[in-house]
Amino acid sequence: MAIVQIGTMVDSEGHPIGHGRVALKSFAERFFFDLQISTALRQEIAIWTRLAEVPFVFPVMSIIEIDQKPAIMMPEATRLPDGSSSLEDRIRIARAGLSPKDCLLAALSTALALVGCSQVIPNIVHGDIKPANLLLLGEIFYLADFGLSAIDNQAGPAGTPSYMAPELWAGSPRSTKSDLYAFGATVFAALNGKPPFSLQTTDPNAWLSLHGQDAPHFSALGPLGSLASELETVALGCISRKAEDRPTDFGEVFARLLALGLTFEPAATTHLMDVASGLRKFAVESKLELLELRIPPLLEQGHHRAALELLQSISESELSKDLLLIAGTTYSLNEDDEHAISLFEQYLATDPASPDRIRCLSEYGLSLRRLGRLAEARDIFEKLLTEADGDQTGLIRGNLAGTLIDLGEVERAEGELHWLTLNRPENAIANAMMAEVKRRLGKTDEAETAILRAIRLKPNSGQYRAILGEILLVDRKDPDAAIEALDRAFELGFQSIELLVNLTAANMVLGNQGHVGVLLAKLGEAPKELADSSTKKILGIVRSILGIAVSDPSETPEKEPEDGSAKSESESSNTREAETVSTLRETRSVEQHRKKLAEGLTSQIQARISMVEGAYTVDFYSRPEREEFVVEFCDGYRHLVRKFEGQFPTFIARKGGYRFANCERCGFSILTARDEFETISCQVCEHRGKVVTFRSPILDRLLAGCLEGVGLTVSETATEPYTTFLGLWFSDGVDPGVSSYLSEAGCKQLGSKTAAYEVFRQKHQERTTLELGSPTQVWACLMPSDEPNPGKDTPLFVEKILRDLRREHGNFRSMTITVPEGNWQDIFLGTMDDLLERLKSQSQTAHDPQLELALIQAAIQAGQIDAAKRRLAGLEILDPNGVETLTAQAAVANHLGDHRLAAKRAEEALRLAPRHVEARVLAIEAYSRLSDTELARKHRDILISHGHLKAGGNTNAS
């Protein structure tokens with residue numbers, strides 16, 4: 001998941017910056033939208049930066065941003081003449097283990113680093129001590145990689161299998177004791193050439209069984225009383241099977257190792273301790289300079305609390321002139337603006353140079369604004385605009401615009417932001433602010449355009465997605481579209497009261513009672529006054545969308561007429577109002593809903609979206625004995641399908657593999673399309689476990705009735721064999737495990753000269769804008785004899801393969817083309833020249849619109865427009881008004897120069913399938929050729945917001 005790049009930093013003209021080469025640690029591109037991965041790196045940054053001055057902790061030079069991802073900058077590890085740069089390298093080269101002296105020094109520096117870490121952050125747990133994380137600087141090993149660091153007993157089991165303590169495999173949290181085990185296993189590996197235990201699996205039961213066997217032993221014991229023998233004793237003590245039998249802490253281990261060093265290797269040990277003392281002395285003498293270097297990057301990356309903790313490592317009286325300004329900003333960003341203003345005033349009293357004075361006054365104005373002293377803040381920013389120049393002008397205009405918005409001077413704010421977005425188009429914050437201003441002025445279209453530009457510039461911002469969701473919900477009154485943006489914001493880690501309010505309102509309008517209950521329960525955790533005001537906001541949004549007068553739940557609803565007379569339109573509205581309030585009351589208690597499920601008094605159907613899979617899985621909760629079981633499943637399933645057709649048109653439901661699975665804890669039967677052993681969270685008892693199929697005659701009959709009721713009965717087995725060609729794109733290189741898995745599944749890898757490979761390359765180039773180019777791999781998958789006919793869908797067998805690969809190896813892009821065996825299979829297995837020759841001479845359709853579209857695009861790419869037109873004529877007969885037909889018509893029209901027709905056909909395709917990427921790319925090309933930059937940009941921004949185009953990426957349109 002993490003990647004490390006090594007090189008030399010250069011300026012804009014290519015000249016080297018600094019001294020020597022550096023290493024940059026970030027995460028792989030495929031995890032750009034993965035909240036868990038990005039959060040882990042940010043946590044590592046916060047911890048590692050605080051520990052950077054500890055002797056023998058690998059130093060952090062700075063925190064920078066590359067391609068909108070944070071990166072830790074470190075010196076490049078020393079590479080010895082034999083090519084080794086880590087303890088792992090040294091062990092691998094030595095094979096039989098290192099010398100006792102080298103083992104001692106590696107153990108001593110590591111133990112001293114861990115003692116120092118616990119002094120800076122009490123009870124810190126590294127979480128992944130192993131030879132690969134001990135890197136060389138000079139001839140000394142330094143402890144690196146704090147990606148799994150946590151506080152003692154506050155994080156679940158994790159680590160590298162061969163260095164994980166037995167209790168972690170049993171589910172216990174990481175602790176100092178588990179770190180001691182990993183340390184002992186590392187010393188064991190250094191002495192012995194390999195760790196004490198090793199298995200080619202991550203199955204906890206297998207590891208527990210291995211640990212339960214005889215204790216590990218060294219292949220060649222050192223003579224009794226020798227340094228090797230003493231180190232073996234230390235290692236074995238640390239890897240004791242029971243945690244309580246290990247040393248108390250690293251202080252005890254270090255004391256033991258230091259005594260051994262002074263006895264057996266006094267000169268080398270004394271030198272190591274002198275280096276440690278020198279590092280401590282340097283850290284003390286350079287404390288202020290180091291803080292000036294380290295705090296600003298932390299603030300830029302949003303680590304405000306970590307920056308404050310670093311700042312508080314010195315007294316306020318020690319603050320240097322430059323640190324006064326940094327300290328003011330730090331306290332301001334930690335919401336202590338009174339203190340920040342005091343520090344800013346102290347800094348201004350030092351008579352700083354003009355640029356620094358302007359910067360300080362700008363920060364001073366922001367603190368005034370946060371304290372509600374808006375007029376004072378506005379006056380400061382207006383005065384600064386007369387003094388500032390260059391980049392400072394844009395910063396101050398943005399601050400002034402924000403203050404004007406707070407003051408209600410929206411038209412003035414619009415003017416400032418117009419200048420800013422025109423002169424600083426790459427400023428995402430300015431575009432987001434412009435969206436707010438346009439909303440206040442009632443300019444919904446312009447507001448949506450502005451926030452889409454902000455998302456294009458910063459696609460992993462949950463806050464900007466939340467703003468888009470609010471525009472779609474409140475202004476557009478489109479709850480289906482709003483939920484997509486709001487859910488994405490939540491997935492990206494943006495969680496605010498406003499987001500919960502909007503999500504609740506959208507789900508309430510759509511009748512998603514289960515989701516409403518969960519969201520209201522979360523809102524109920526807020527203080528009562530805030531929860532009550534949030535409820536009123538929810539009702540206000542619902543009223544606005546439905547066009548009804550929804551009352552506060554505390555008010556008494558009007559009584560219905562007693563004479564049985566027909567209701568007027570307004571009375572019908574009151575009924576809808578009462579139903580909405582009733583829904584709100586009924587779903588406020590999640591526990592009550594779960595109780596009803598458990599007792600068989602109600603049912604629940606839900607969908608789980610997989611962004612990487614591009615599909616959703618349906619789970620249905622109901623007691624099998626309920627008479628309404630089949631009817632409720634069918635009604636709920638159809639409702640979800642209609643919802644997804646409007647909200648997520650490119651997401652499809654898993655078509656096969658439905659099964660009953662019993663919850664491991666409460667035994668509730670769940671009807672689900674999830675794979676065997678896939679993780680599922682039970683909505684009745686909240687237990688998170690694995691899907692294990694459970695069958696009985698009653699359940700089999702219910703399953704057959706449900707599937708038949710929604711048209712999901714298993715398709716007939718294909719009348720003739722067919723092959724699915726599978727194209728895979730990995731942005732960061734392919735794991736060898738991918739090839740092994742596909743080969744074991746009976747698939748055959750194809751070379752880059754085959755027509756299948758070239759068609760995938762062309763098709764990907766046309767339908768995406770991520771610049772991944774040629775596929776990393778192309779495979780031919782011959783379907784099993786019992787595989788159902790897939791029709792237009794990806795075969796179930798291939799869907800299962802893709803799910804398994806994504807769970808194991810992360811996200812990647814994929815495409816499939818399914819063809820019957822015979823002529824078409826031979827064509828795709830042949831060369832591209834063979835395919836193009838066949839296209840010239842053959843007009844017979846392939847009876848698959850998606851395959852036909854691929855063939856038409858291949859003909860266009862090869863300049864064979866006559867062949868493309870012939871195939872298009874066949875496709876128009878096969879599927880006259882289909883999405884693929886309209887898209888193919890747009891492609892041909894663009895190639896012939898009829899861009900107005902191309903735009904029209906692409907727009908028609910998008911009305912049928914709003915998330916059809918190829919049609920939208922063709923629309924961008926058509927509008928670009930027509931010089932309609934606004935419509936081209938609109939479609940490009942939509943691609944960005946859907947994750948198909950990175951900020952700054954280009955489509956193939958010129």
# chains A, B, ... in the order shown; residues from 1 in each chain; ligands from 1
call {"tool": "residues_around", "arguments": {"residues": "A:Ile924", "least_positions_apart": "3", "cutoff": "9 Å", "atoms": "only C-alpha atoms", "output": "number ranges by chain"}}
result
A: 903, 919-921, 927-929, 933, 935-940, 955-957
call {"tool": "atom_distance", "arguments": {"atom1": "atom CA of A:Thr679", "atom2": "atom CA of A:Val692"}}
result
9.7 Å
call {"tool": "closest_residue", "arguments": {"among": "A:Ala526, A:Gly493, A:Phe141, A:Phe146", "to": "A:Val60", "atoms": "only C-alpha atoms"}}
result
A:Phe146
call {"tool": "atom_distance", "arguments": {"atom1": "atom CA of A:Val410", "atom2": "atom CA of A:Ala435"}}
result
11.6 Å
call {"tool": "residues_around", "arguments": {"residues": "A:Ser84", "least_positions_apart": "5", "cutoff": "9 Å", "atoms": "only C-alpha atoms", "output": "list in words"}}
result
Thr78, Arg79, Asp89, Arg90, Ile93 and Leu136 of chain A
call {"tool": "write_last_selection", "arguments": {"atoms": "all heavy atoms", "output": "tab-separated table (two decimals), in the first residue's frame"}}
result
chain	number	residue	atom	x	y	z
A	78	THR	N	21.57	4.68	3.92
A	78	THR	CA	22.92	4.37	3.43
A	78	THR	C	22.92	3.01	2.76
A	78	THR	O	22.35	2.05	3.27
A	78	THR	CB	23.92	4.36	4.61
A	78	THR	OG1	23.90	5.64	5.24
A	78	THR	CG2	25.32	4.02	4.12
A	79	ARG	N	23.56	2.93	1.59
A	79	ARG	CA	23.68	1.64	0.90
A	79	ARG	C	25.14	1.21	0.95
A	79	ARG	O	26.02	1.89	0.43
A	79	ARG	CB	23.20	1.76	-0.54
A	79	ARG	CG	23.05	0.41	-1.25
A	79	ARG	CD	22.29	0.55	-2.56
A	79	ARG	NE	20.92	0.98	-2.36
A	79	ARG	CZ	19.91	0.17	-2.02
A	79	ARG	NH1	20.14	-1.13	-1.84
A	79	ARG	NH2	18.70	0.65	-1.86
A	89	ASP	N	18.26	-6.68	4.59
A	89	ASP	CA	19.24	-6.94	3.53
A	89	ASP	C	20.47	-7.65	4.10
A	89	ASP	O	20.98	-8.61	3.50
A	89	ASP	CB	19.69	-5.62	2.89
A	89	ASP	CG	18.57	-4.92	2.14
A	89	ASP	OD1	17.59	-5.59	1.75
A	89	ASP	OD2	18.66	-3.69	1.96
A	90	ARG	N	20.96	-7.17	5.25
A	90	ARG	CA	22.15	-7.77	5.85
A	90	ARG	C	21.92	-9.24	6.19
A	90	ARG	O	22.79	-10.10	5.97
A	90	ARG	CB	22.55	-6.99	7.12
A	90	ARG	CG	22.98	-5.54	6.88
A	90	ARG	CD	24.37	-5.44	6.26
A	90	ARG	NE	25.38	-6.14	7.02
A	90	ARG	CZ	25.98	-5.65	8.11
A	90	ARG	NH1	25.66	-4.43	8.55
A	90	ARG	NH2	26.89	-6.34	8.75
A	93	ILE	N	21.83	-11.39	2.95
A	93	ILE	CA	23.16	-11.58	2.35
A	93	ILE	C	24.00	-12.53	3.20
A	93	ILE	O	24.71	-13.40	2.68
A	93	ILE	CB	23.86	-10.21	2.18
A	93	ILE	CG1	23.13	-9.39	1.11
A	93	ILE	CG2	25.33	-10.40	1.80
A	93	ILE	CD1	23.58	-7.96	1.02
A	136	LEU	N	19.79	1.71	7.63
A	136	LEU	CA	21.13	2.19	7.91
A	136	LEU	C	21.27	3.68	7.62
A	136	LEU	O	20.84	4.16	6.57
A	136	LEU	CB	22.15	1.42	7.07
A	136	LEU	CG	22.52	0.02	7.54
A	136	LEU	CD1	23.24	-0.74	6.44
A	136	LEU	CD2	23.37	0.07	8.81
call {"tool": "residues_around", "arguments": {"residues": "A:Ala307", "least_positions_apart": "5", "cutoff": "7 Å", "atoms": "only C-alpha atoms", "output": "PyMOL selection string"}}
result
chain A and resi 295+298-299+330
call {"tool": "closest_residue", "arguments": {"among": "A:Thr617, A:Thr110, A:Asn431, A:Thr723", "to": "A:Ile680", "atoms": "only C-alpha atoms"}}
result
A:Thr617
